[in-house]
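Student: This is the structure I have questions about; it appears just below.
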Amino acid sequence: EDAEFFKSLGLNCIRIAINYHHFEDDHNPRVLKENAFKHLDRAISACAKHSVYTIIDLHSAPGGQSGGWHADAGIHYPMFWKHKDFQDRVVWLWKEIAAHYKDNPWVAGYNLLNEPADPTPGAQRLIRLYDRLFQAIREEVKDTRHIIFLDGNTFATDFSGFPEDVKDGVRWPNTAFAIHDYAVEGFPGERGENYEGTPEEVAVMRQKYKRKRRWMDERGLCVWNGEWGPVYARNEYDGEETDKINARRECVLRDQLAIYKEDKLSWSIWLYKDIGFQGMVYVSRDTPYMQHFRDFLARKHRLAVDAWGKDDTQVKHIYTPIETLIRESVADPSYLKLYPPLWSVQERVTRLSRTILIAEFLVNEWADMFRDMNEQRLEELARSFRFKNCRKRDGLNQQLRENAGLDLTKR
């Protein structure tokens with residue numbers, strides 16, 4: 001049902017994020033888990049049944065390929081780049097994945113590493129890793145038909161360290177270069193709160209998008225937008241302002257789609273399904289899952305311990321003095337500029353003090369909420385995510401249909 005609905009929007013390709021934990025255990029590395037491909041096979045087959053291609057995205061690598069929460073390392077430093085063994089394990093894993101899907105025509109390709117953040121000059125270790133992965137997939141597995149999608153460094157924004165000889169197609173053939181084009185106008189904050197879609201505002205979004213893809217455009221290379229999309233307000237947190245906020249976010253969505261259409265850019269929006277923040281469909285508030293975790297989720301939101309799309313209105317006053325202390329204590333402002341540059345002093349304080357320190361004190365409480373549940377109760381919670389138990393984000397989905405050129409009067 002999910003795949004059928006996705007196809008009904010005029011979409012023909014979906015990016016599926018995977019975690020290395022699905023395939024191997026840290027205490028038994030380089031050994032495939034039993035039924036390692038079971039769930040991924042099921043998702044790919046369901047999509048294929050409705051003529052939807054899939055792109056396999058390694059979203060979380062051993063040690064964390066970035067300090068982002070989505071790298072699933074639990075710390076803010078990307079240890080993946082510090083220890084070669086972590087990189088060796090990723091090469092091993094992609095050989096296993098490519099061998100498994102080599103002859104599957106409904107797998108469009110492999111997104112080798114989501115949002116890497118290699119701190120070495122010129123992204124030297126990332127480039128070496130990409131070379132090794134091409135060797136493993138193209139020459140050892142002999143999978144030449146699947147497209148390889150390469151994220152730029154520093155969260156898919158920086159290609160300046162990439163080698164010049166890729167433009168001749170000999171090095172890294174059959175490749176698309178992936179940007180992630182999140183617009184701050186689609187998130188909580190001053191820019192998002194005041195967005196009206198004026199020509200000047202659209203020009204700013206277009207300029208930032210063009211800057212991300214400039215390196216590829218100058219060399220005639222294929223660009224793919226692997227992630228983008230605004231986040232949305234929720235009635236339980238934003239009250240009577242919800243509709244107004246979401247109207248602005250849908251305006252950002254519309255303007256981004258128009259920009260991409262000008263360039264005939266292929267993209268994969270983030271994301272298909274969640275619990276109500278960004279998904280095209282989301283779990284209904286009256287399901288067992290959402291009812292069980294309602295109060296805990298509300299506390300997480302109030303404390304702003306989730307890094308993604310955070311609204312820190314209720315706790316900002318607590319952390320501002322820490323930022324001020326850091327700024328006033330560092331002798332030279334240049335010392336405040338650490339890698340990755342996307343993380344300002346404010347963002348670094350947010351990530352370390354809230355989304356890691358405070359959040360880790362909530363983990364056991366979250367886990368305890370599953371304690372003593374029998375199989376029947378666990379299945380009941382899991383069924384909350386079934387398509388029939390989800391709601392559709394109509395404004396978002398309507399724009400996707402219109403962008404695909406579907407005739408809405410026939411639906």
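Letters A, B, ... mark the chains of the structure tokens in the order given; residue numbers begin at 1 per chain; ligand numbers begin at 1, in order shown.
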List as a ChimeraX atom specification the protein and nucleic acid residues near stretch 80-97 of chain A, meaning an atom at most 7 Å away when only C-alpha atoms are counted, but skip any in the same chain fewer than 2 places from it.

Tutor: /A:30,61-65,78,99-101,118,125,133,136-137,141

Student: With all heavy atoms retained, could you export that selection as a compact mmCIF listing (two decimals), in the first residue's frame?

Tutor:
```txt
# COMPACT_ATOMS: atom_id res chain seq x y z
N ARG A 30 32.19 -8.08 9.77
CA ARG A 30 32.42 -8.75 8.48
C ARG A 30 31.78 -10.14 8.42
O ARG A 30 32.23 -11.01 7.66
CB ARG A 30 33.91 -8.86 8.17
CG ARG A 30 34.62 -7.50 8.07
CD ARG A 30 36.11 -7.67 7.77
NE ARG A 30 36.79 -6.40 7.86
CZ ARG A 30 37.24 -5.87 9.00
NH1 ARG A 30 37.04 -6.52 10.14
NH2 ARG A 30 37.85 -4.71 9.01
N ALA A 61 27.43 4.48 9.11
CA ALA A 61 28.60 3.62 8.95
C ALA A 61 29.27 3.40 10.31
O ALA A 61 29.07 4.19 11.24
CB ALA A 61 29.59 4.26 7.97
N PRO A 62 30.07 2.36 10.46
CA PRO A 62 30.75 2.12 11.73
C PRO A 62 31.58 3.33 12.17
O PRO A 62 32.31 3.91 11.38
CB PRO A 62 31.67 0.92 11.42
CG PRO A 62 31.05 0.24 10.25
CD PRO A 62 30.40 1.33 9.45
N GLY A 63 31.43 3.71 13.42
CA GLY A 63 32.18 4.84 13.95
C GLY A 63 31.59 6.19 13.64
O GLY A 63 31.97 7.20 14.23
N GLY A 64 30.65 6.24 12.70
CA GLY A 64 30.00 7.50 12.33
C GLY A 64 30.81 8.25 11.29
O GLY A 64 31.94 8.70 11.55
N GLN A 65 30.24 8.42 10.08
CA GLN A 65 30.94 9.13 9.00
C GLN A 65 30.83 10.64 9.15
O GLN A 65 31.43 11.40 8.42
CB GLN A 65 30.39 8.69 7.64
CG GLN A 65 28.99 9.20 7.30
CD GLN A 65 27.88 8.31 7.85
OE1 GLN A 65 28.11 7.47 8.72
NE2 GLN A 65 26.68 8.47 7.32
N PRO A 78 33.44 12.24 14.10
CA PRO A 78 33.32 11.11 13.17
C PRO A 78 34.53 10.17 13.24
O PRO A 78 35.50 10.33 12.50
CB PRO A 78 33.22 11.80 11.81
CG PRO A 78 34.00 13.08 11.98
CD PRO A 78 33.79 13.50 13.41
N ALA A 99 26.89 -7.59 -4.50
CA ALA A 99 26.77 -8.98 -4.96
C ALA A 99 25.33 -9.46 -4.85
O ALA A 99 24.85 -10.21 -5.71
CB ALA A 99 27.70 -9.87 -4.13
N HIS A 100 24.63 -9.01 -3.82
CA HIS A 100 23.25 -9.44 -3.60
C HIS A 100 22.30 -8.83 -4.64
O HIS A 100 21.36 -9.50 -5.09
CB HIS A 100 22.82 -9.04 -2.19
CG HIS A 100 21.49 -9.58 -1.77
ND1 HIS A 100 21.33 -10.87 -1.31
CD2 HIS A 100 20.25 -9.02 -1.76
CE1 HIS A 100 20.06 -11.08 -1.01
NE2 HIS A 100 19.37 -9.97 -1.28
N TYR A 101 22.53 -7.58 -5.03
CA TYR A 101 21.59 -6.88 -5.92
C TYR A 101 22.14 -6.66 -7.33
O TYR A 101 21.51 -5.95 -8.13
CB TYR A 101 21.20 -5.53 -5.30
CG TYR A 101 20.39 -5.67 -4.04
CD1 TYR A 101 20.93 -5.32 -2.81
CD2 TYR A 101 19.10 -6.18 -4.07
CE1 TYR A 101 20.20 -5.46 -1.64
CE2 TYR A 101 18.35 -6.33 -2.91
CZ TYR A 101 18.91 -5.97 -1.69
OH TYR A 101 18.18 -6.12 -0.54
N ASP A 118 34.43 14.37 6.28
CA ASP A 118 35.83 14.01 6.42
C ASP A 118 36.62 15.27 6.74
O ASP A 118 36.70 16.19 5.92
CB ASP A 118 36.33 13.39 5.10
CG ASP A 118 37.83 13.15 5.09
OD1 ASP A 118 38.47 13.24 6.15
OD2 ASP A 118 38.37 12.86 4.00
N ARG A 125 40.68 11.34 2.67
CA ARG A 125 40.25 10.00 3.05
C ARG A 125 38.94 9.62 2.38
O ARG A 125 38.72 8.45 2.04
CB ARG A 125 40.16 9.90 4.57
CG ARG A 125 41.53 9.95 5.24
CD ARG A 125 41.47 9.97 6.75
NE ARG A 125 42.81 10.14 7.30
CZ ARG A 125 43.06 10.49 8.54
NH1 ARG A 125 42.06 10.70 9.39
NH2 ARG A 125 44.30 10.63 8.97
N LEU A 133 35.78 1.82 -3.00
CA LEU A 133 34.43 1.30 -3.20
C LEU A 133 34.16 1.04 -4.68
O LEU A 133 33.49 0.07 -5.04
CB LEU A 133 33.40 2.26 -2.60
CG LEU A 133 33.38 2.31 -1.07
CD1 LEU A 133 32.53 3.47 -0.57
CD2 LEU A 133 32.84 1.00 -0.50
N ALA A 136 35.85 -2.14 -5.52
CA ALA A 136 35.14 -3.31 -4.99
C ALA A 136 33.88 -3.62 -5.79
O ALA A 136 33.62 -4.78 -6.13
CB ALA A 136 34.78 -3.05 -3.52
N ILE A 137 33.09 -2.59 -6.11
CA ILE A 137 31.81 -2.80 -6.77
C ILE A 137 31.97 -3.05 -8.27
O ILE A 137 31.42 -4.01 -8.82
CB ILE A 137 30.88 -1.60 -6.53
CG1 ILE A 137 30.54 -1.50 -5.03
CG2 ILE A 137 29.61 -1.71 -7.37
CD1 ILE A 137 29.83 -0.21 -4.64
N VAL A 141 33.16 -7.14 -7.77
CA VAL A 141 31.82 -7.72 -7.91
C VAL A 141 31.38 -7.71 -9.37
O VAL A 141 30.53 -8.48 -9.78
CB VAL A 141 30.80 -6.94 -7.03
CG1 VAL A 141 29.40 -7.50 -7.19
CG2 VAL A 141 31.22 -6.98 -5.57
```

Student: Can you list, as a VMD selection string, every residue of stretch 82-325 of chain A that DSSP puts in strand (DSSP E)?

Tutor: chain A and resid 107 to 111 147 to 151 175 to 180 223 to 227 266 to 267 273 to 274 281 to 283

Student: Can you write out the residues you just picked, keeping C-alpha atoms, as a compact mmCIF listing (two decimals), in the first residue's frame?

Tutor:
```txt
# COMPACT_ATOMS: atom_id res chain seq x y z
CA VAL A 107 17.60 -1.17 -7.81
CA ALA A 108 18.58 2.05 -9.56
CA GLY A 109 21.86 2.36 -7.71
CA TYR A 110 23.92 2.70 -4.59
CA ASN A 111 24.33 5.87 -2.49
CA ILE A 147 24.40 3.98 -10.86
CA ILE A 148 26.67 5.05 -8.02
CA PHE A 149 25.60 8.17 -6.14
CA LEU A 150 28.37 10.09 -4.38
CA ASP A 151 27.56 12.62 -1.67
CA THR A 175 28.07 8.17 -11.41
CA ALA A 176 25.77 10.91 -10.15
CA PHE A 177 27.01 13.49 -7.65
CA ALA A 178 24.60 14.08 -4.79
CA ILE A 179 23.84 17.37 -3.08
CA HIS A 180 21.46 17.82 -0.16
CA VAL A 223 23.78 16.19 -10.28
CA TRP A 224 21.19 14.51 -8.08
CA ASN A 225 19.50 16.03 -5.04
CA GLY A 226 19.45 13.18 -2.52
CA GLU A 227 17.65 15.04 0.28
CA SER A 266 16.10 14.58 -10.28
CA TRP A 267 15.58 14.41 -6.51
CA LYS A 273 7.00 8.27 6.44
CA ASP A 274 7.55 9.46 10.02
CA VAL A 281 2.52 10.19 5.35
CA TYR A 282 2.75 10.01 9.13
CA VAL A 283 1.51 7.85 11.97
```

Student: Within 10 Å of A:Glu4, counting only C-alpha atoms, which residues show up once you throw out same-chain ones fewer than 4 positions away? Write them as a PyMOL selection string, please.

Tutor: chain A and resi 8-9+46-47+49-52

Student: Can I get the selection written as a compact mmCIF listing (two decimals), in the first residue's frame, with N, CA, C and O atoms?

Tutor:
```txt
# COMPACT_ATOMS: atom_id res chain seq x y z
N SER A 8 1.36 6.67 -6.91
CA SER A 8 0.20 7.49 -7.30
C SER A 8 0.52 8.98 -7.33
O SER A 8 -0.21 9.77 -7.93
N LEU A 9 1.61 9.38 -6.69
CA LEU A 9 2.01 10.78 -6.68
C LEU A 9 2.83 11.15 -7.92
O LEU A 9 3.25 12.30 -8.06
N ALA A 46 8.41 -4.75 -2.91
CA ALA A 46 7.14 -4.04 -2.86
C ALA A 46 7.15 -2.85 -3.81
O ALA A 46 6.17 -2.57 -4.50
N CYS A 47 8.29 -2.13 -3.85
CA CYS A 47 8.40 -0.99 -4.75
C CYS A 47 8.40 -1.45 -6.21
O CYS A 47 7.74 -0.85 -7.06
N LYS A 49 7.03 -3.98 -7.51
CA LYS A 49 5.69 -4.41 -7.91
C LYS A 49 4.88 -3.25 -8.48
O LYS A 49 4.01 -3.45 -9.33
N HIS A 50 5.19 -2.04 -8.04
CA HIS A 50 4.47 -0.85 -8.51
C HIS A 50 5.36 0.03 -9.39
O HIS A 50 5.12 1.23 -9.53
N SER A 51 6.40 -0.58 -9.96
CA SER A 51 7.30 0.11 -10.90
C SER A 51 7.99 1.32 -10.27
O SER A 51 8.13 2.37 -10.90
N VAL A 52 8.41 1.15 -9.04
CA VAL A 52 9.17 2.18 -8.34
C VAL A 52 10.59 1.67 -8.14
O VAL A 52 10.80 0.60 -7.56
```

Student: Using DSSP on the backbone coordinates, identify all residues within stretch 9-248 of chain A classified as alpha helix (DSSP H); present the result as an NGL selection string.

Tutor: :A and (38-49 or 84-101 or 124-134 or 153-156 or 190-193 or 199-217 or 235-238 or 242-248)

Student: Residues at most 10 Å from A:Ile275, counting only C-alpha atoms, excluding those fewer than 4 positions away in the same chain, as a ChimeraX atom specification?

Tutor: /A:279,281-285,289-290,384-385,390-391

Student: If you keep C-alpha atoms, can you produce a file of those selected residues as a PDB file, in the first residue's frame?

Tutor:
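Result file is again-v3.pdb:
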```
ATOM      1  CA  GLY A 279       6.805  12.756   6.098  1.00  0.00           C
ATOM      2  CA  VAL A 281       2.520  10.185   5.353  1.00  0.00           C
ATOM      3  CA  TYR A 282       2.748  10.013   9.132  1.00  0.00           C
ATOM      4  CA  VAL A 283       1.510   7.846  11.969  1.00  0.00           C
ATOM      5  CA  SER A 284      -1.922   8.900  13.210  1.00  0.00           C
ATOM      6  CA  ARG A 285      -2.109  10.474  16.669  1.00  0.00           C
ATOM      7  CA  TYR A 289       2.327   3.922  19.317  1.00  0.00           C
ATOM      8  CA  MET A 290       1.573   7.632  19.416  1.00  0.00           C
ATOM      9  CA  SER A 384       0.692   1.768  14.078  1.00  0.00           C
ATOM     10  CA  PHE A 385       3.048   2.368  11.145  1.00  0.00           C
ATOM     11  CA  CYS A 390      -1.248   6.754   8.797  1.00  0.00           C
ATOM     12  CA  ARG A 391      -2.433  10.162   7.695  1.00  0.00           C
TER      13      ARG A 391
END
```

Student: Can you write out as JSON lines which residues of stretch 242-357 of chain A fall within 10 Å of stretch 187-193 of chain A, alongside each residue's closest atom pair and its distance in Å to one decimal, counting only C-alpha atoms and ordering rows by chain and ascending residue number?

Tutor:
```
{"residue": "A:Lys244", "atom": "CA", "partner": "A:Glu193", "partner_atom": "CA", "distance": 9.6}
{"residue": "A:Ile245", "atom": "CA", "partner": "A:Glu193", "partner_atom": "CA", "distance": 7.2}
{"residue": "A:Arg248", "atom": "CA", "partner": "A:Gly192", "partner_atom": "CA", "distance": 7.6}
{"residue": "A:Arg249", "atom": "CA", "partner": "A:Gly192", "partner_atom": "CA", "distance": 7.6}
{"residue": "A:Val252", "atom": "CA", "partner": "A:Gly192", "partner_atom": "CA", "distance": 8.8}
{"residue": "A:Trp308", "atom": "CA", "partner": "A:Phe187", "partner_atom": "CA", "distance": 9.5}
{"residue": "A:Gly309", "atom": "CA", "partner": "A:Phe187", "partner_atom": "CA", "distance": 6.0}
{"residue": "A:Lys310", "atom": "CA", "partner": "A:Pro188", "partner_atom": "CA", "distance": 7.0}
{"residue": "A:Asp311", "atom": "CA", "partner": "A:Pro188", "partner_atom": "CA", "distance": 5.9}
{"residue": "A:Asp312", "atom": "CA", "partner": "A:Pro188", "partner_atom": "CA", "distance": 8.9}
{"residue": "A:Thr313", "atom": "CA", "partner": "A:Gly189", "partner_atom": "CA", "distance": 9.4}
```

Student: For A:Gln314, find every residue with an atom within 9 Å (counting only C-alpha atoms), except residues of its own chain fewer than 6 positions away, and show them as an NGL selection string.

Tutor: :A and (302-304)

Student: Using only C-alpha atoms, determine which residues lie at most 12 Å from A:Asn235, disregarding the query and same-chain residues fewer than 6 positions distant; provide the list as an NGL selection string.

Tutor: :A and (241-246 or 276-277 or 285 or 298)

Student: I need the chosen residues saved as a PDB file, in the first residue's frame, with all heavy atoms.

Tutor:
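The resulting file, part03.pdb, is shown below:
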```pdb
ATOM      1  N   GLU A 241      -1.175  28.284  15.637  1.00  0.00           N
ATOM      2  CA  GLU A 241      -0.244  28.778  14.617  1.00  0.00           C
ATOM      3  C   GLU A 241       0.089  27.706  13.576  1.00  0.00           C
ATOM      4  O   GLU A 241       0.747  27.994  12.576  1.00  0.00           O
ATOM      5  CB  GLU A 241       1.058  29.256  15.283  1.00  0.00           C
ATOM      6  CG  GLU A 241       0.906  30.501  16.135  1.00  0.00           C
ATOM      7  CD  GLU A 241       0.502  31.704  15.288  1.00  0.00           C
ATOM      8  OE1 GLU A 241       1.157  31.952  14.247  1.00  0.00           O
ATOM      9  OE2 GLU A 241      -0.462  32.393  15.667  1.00  0.00           O
ATOM     10  N   THR A 242      -0.355  26.473  13.813  1.00  0.00           N
ATOM     11  CA  THR A 242       0.050  25.345  12.963  1.00  0.00           C
ATOM     12  C   THR A 242      -0.245  25.583  11.492  1.00  0.00           C
ATOM     13  O   THR A 242       0.633  25.422  10.630  1.00  0.00           O
ATOM     14  CB  THR A 242      -0.644  24.051  13.437  1.00  0.00           C
ATOM     15  OG1 THR A 242      -0.239  23.764  14.778  1.00  0.00           O
ATOM     16  CG2 THR A 242      -0.282  22.883  12.536  1.00  0.00           C
ATOM     17  N   ASP A 243      -1.468  25.948  11.161  1.00  0.00           N
ATOM     18  CA  ASP A 243      -1.843  26.120   9.756  1.00  0.00           C
ATOM     19  C   ASP A 243      -1.055  27.246   9.090  1.00  0.00           C
ATOM     20  O   ASP A 243      -0.645  27.123   7.920  1.00  0.00           O
ATOM     21  CB  ASP A 243      -3.340  26.379   9.626  1.00  0.00           C
ATOM     22  CG  ASP A 243      -4.177  25.157   9.959  1.00  0.00           C
ATOM     23  OD1 ASP A 243      -3.617  24.046   9.990  1.00  0.00           O
ATOM     24  OD2 ASP A 243      -5.394  25.310  10.215  1.00  0.00           O
ATOM     25  N   LYS A 244      -0.822  28.331   9.814  1.00  0.00           N
ATOM     26  CA  LYS A 244      -0.065  29.451   9.252  1.00  0.00           C
ATOM     27  C   LYS A 244       1.384  29.039   8.971  1.00  0.00           C
ATOM     28  O   LYS A 244       1.944  29.366   7.922  1.00  0.00           O
ATOM     29  CB  LYS A 244      -0.093  30.644  10.211  1.00  0.00           C
ATOM     30  CG  LYS A 244      -1.468  31.264  10.423  1.00  0.00           C
ATOM     31  CD  LYS A 244      -1.381  32.410  11.424  1.00  0.00           C
ATOM     32  CE  LYS A 244      -2.768  32.998  11.690  1.00  0.00           C
ATOM     33  NZ  LYS A 244      -2.714  34.087  12.712  1.00  0.00           N
ATOM     34  N   ILE A 245       1.970  28.335   9.932  1.00  0.00           N
ATOM     35  CA  ILE A 245       3.353  27.885   9.744  1.00  0.00           C
ATOM     36  C   ILE A 245       3.443  26.953   8.549  1.00  0.00           C
ATOM     37  O   ILE A 245       4.323  27.093   7.686  1.00  0.00           O
ATOM     38  CB  ILE A 245       3.861  27.173  11.017  1.00  0.00           C
ATOM     39  CG1 ILE A 245       3.946  28.160  12.181  1.00  0.00           C
ATOM     40  CG2 ILE A 245       5.219  26.506  10.763  1.00  0.00           C
ATOM     41  CD1 ILE A 245       4.236  27.510  13.523  1.00  0.00           C
ATOM     42  N   ASN A 246       2.522  26.005   8.464  1.00  0.00           N
ATOM     43  CA  ASN A 246       2.587  25.017   7.389  1.00  0.00           C
ATOM     44  C   ASN A 246       2.303  25.622   6.022  1.00  0.00           C
ATOM     45  O   ASN A 246       2.805  25.139   5.001  1.00  0.00           O
ATOM     46  CB  ASN A 246       1.644  23.851   7.686  1.00  0.00           C
ATOM     47  CG  ASN A 246       2.191  22.965   8.792  1.00  0.00           C
ATOM     48  OD1 ASN A 246       3.377  23.032   9.123  1.00  0.00           O
ATOM     49  ND2 ASN A 246       1.334  22.140   9.376  1.00  0.00           N
ATOM     50  N   GLY A 276       5.160  12.515  12.055  1.00  0.00           N
ATOM     51  CA  GLY A 276       4.409  13.756  11.934  1.00  0.00           C
ATOM     52  C   GLY A 276       5.193  15.017  11.746  1.00  0.00           C
ATOM     53  O   GLY A 276       4.632  16.123  11.847  1.00  0.00           O
ATOM     54  N   PHE A 277       6.490  14.917  11.434  1.00  0.00           N
ATOM     55  CA  PHE A 277       7.317  16.115  11.359  1.00  0.00           C
ATOM     56  C   PHE A 277       7.637  16.525   9.928  1.00  0.00           C
ATOM     57  O   PHE A 277       7.723  17.703   9.624  1.00  0.00           O
ATOM     58  CB  PHE A 277       8.615  15.870  12.131  1.00  0.00           C
ATOM     59  CG  PHE A 277       9.410  17.111  12.436  1.00  0.00           C
ATOM     60  CD1 PHE A 277       8.798  18.299  12.780  1.00  0.00           C
ATOM     61  CD2 PHE A 277      10.791  17.077  12.397  1.00  0.00           C
ATOM     62  CE1 PHE A 277       9.536  19.433  13.069  1.00  0.00           C
ATOM     63  CE2 PHE A 277      11.545  18.199  12.685  1.00  0.00           C
ATOM     64  CZ  PHE A 277      10.909  19.383  13.018  1.00  0.00           C
ATOM     65  N   ARG A 285      -2.237  10.176  15.237  1.00  0.00           N
ATOM     66  CA  ARG A 285      -2.109  10.474  16.669  1.00  0.00           C
ATOM     67  C   ARG A 285      -2.901   9.511  17.542  1.00  0.00           C
ATOM     68  O   ARG A 285      -2.606   9.371  18.726  1.00  0.00           O
ATOM     69  CB  ARG A 285      -2.578  11.911  16.947  1.00  0.00           C
ATOM     70  CG  ARG A 285      -1.732  12.978  16.277  1.00  0.00           C
ATOM     71  CD  ARG A 285      -0.330  13.009  16.864  1.00  0.00           C
ATOM     72  NE  ARG A 285       0.514  14.007  16.224  1.00  0.00           N
ATOM     73  CZ  ARG A 285       1.341  13.769  15.226  1.00  0.00           C
ATOM     74  NH1 ARG A 285       1.425  12.543  14.722  1.00  0.00           N
ATOM     75  NH2 ARG A 285       2.092  14.716  14.714  1.00  0.00           N
ATOM     76  N   ALA A 298       6.328  14.804  23.807  1.00  0.00           N
ATOM     77  CA  ALA A 298       6.078  16.218  24.104  1.00  0.00           C
ATOM     78  C   ALA A 298       7.224  16.801  24.940  1.00  0.00           C
ATOM     79  O   ALA A 298       7.635  17.950  24.733  1.00  0.00           O
ATOM     80  CB  ALA A 298       4.755  16.367  24.846  1.00  0.00           C
TER      81      ALA A 298
END
```

Student: Nearest to A:Gln278: which of A:Ser60, A:Asn397, A:Ser45, A:Gln124 is it, counting only C-alpha atoms?

Tutor: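 Smallest distance to A:Gln278 is found for A:Asn397.
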
Student: Could you list, as number ranges by chain, every residue within 7 Å of A:His59, counting only C-alpha atoms and ignoring same-chain residues fewer than 4 positions away?

Tutor: A: 17-19, 71, 113-114

Student: Create the file for the chosen residues now, containing C-alpha atoms and written as a PDB file, in the first residue's frame.

Tutor:
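Okay, part.pdb is ready:
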```
ATOM      1  CA  ALA A  17      18.246   4.458   4.151  1.00  0.00           C
ATOM      2  CA  ILE A  18      20.055   1.539   5.779  1.00  0.00           C
ATOM      3  CA  ASN A  19      22.229   1.236   8.895  1.00  0.00           C
ATOM      4  CA  ALA A  71      25.299   8.717  11.652  1.00  0.00           C
ATOM      5  CA  LEU A 113      27.806   7.103   2.119  1.00  0.00           C
ATOM      6  CA  ASN A 114      25.274   9.559   3.437  1.00  0.00           C
TER       7      ASN A 114
END
```

Student: Can you work out which one of A:Asp306, A:Asp332, A:Asp26, A:Glu379 has the shortest atom-to-atom distance to A:Leu362, counting only C-alpha atoms?

Tutor: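 With only C-alpha atoms as the atom set, the closest residue is A:Asp306.
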
Student: Between atom CA of A:Ser329 and atom CA of A:Phe155, what is the distance in Å, rounded to a tenth?

Tutor: 29.1 Å

Student: Which residue is closest to A:Tyr130? Choose from A:Leu112, A:Ile56, A:Leu357, A:Val231 and count only C-alpha atoms.

Tutor: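 Ranked by minimum distance to A:Tyr130, first place goes to A:Leu112.
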
Student: Pick from A:Met373, A:Met280, A:Leu265, A:Leu40: nearest to A:Phe23, with only C-alpha atoms counted?

Tutor: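 Distance minimum relative to A:Phe23 lands on A:Leu40.
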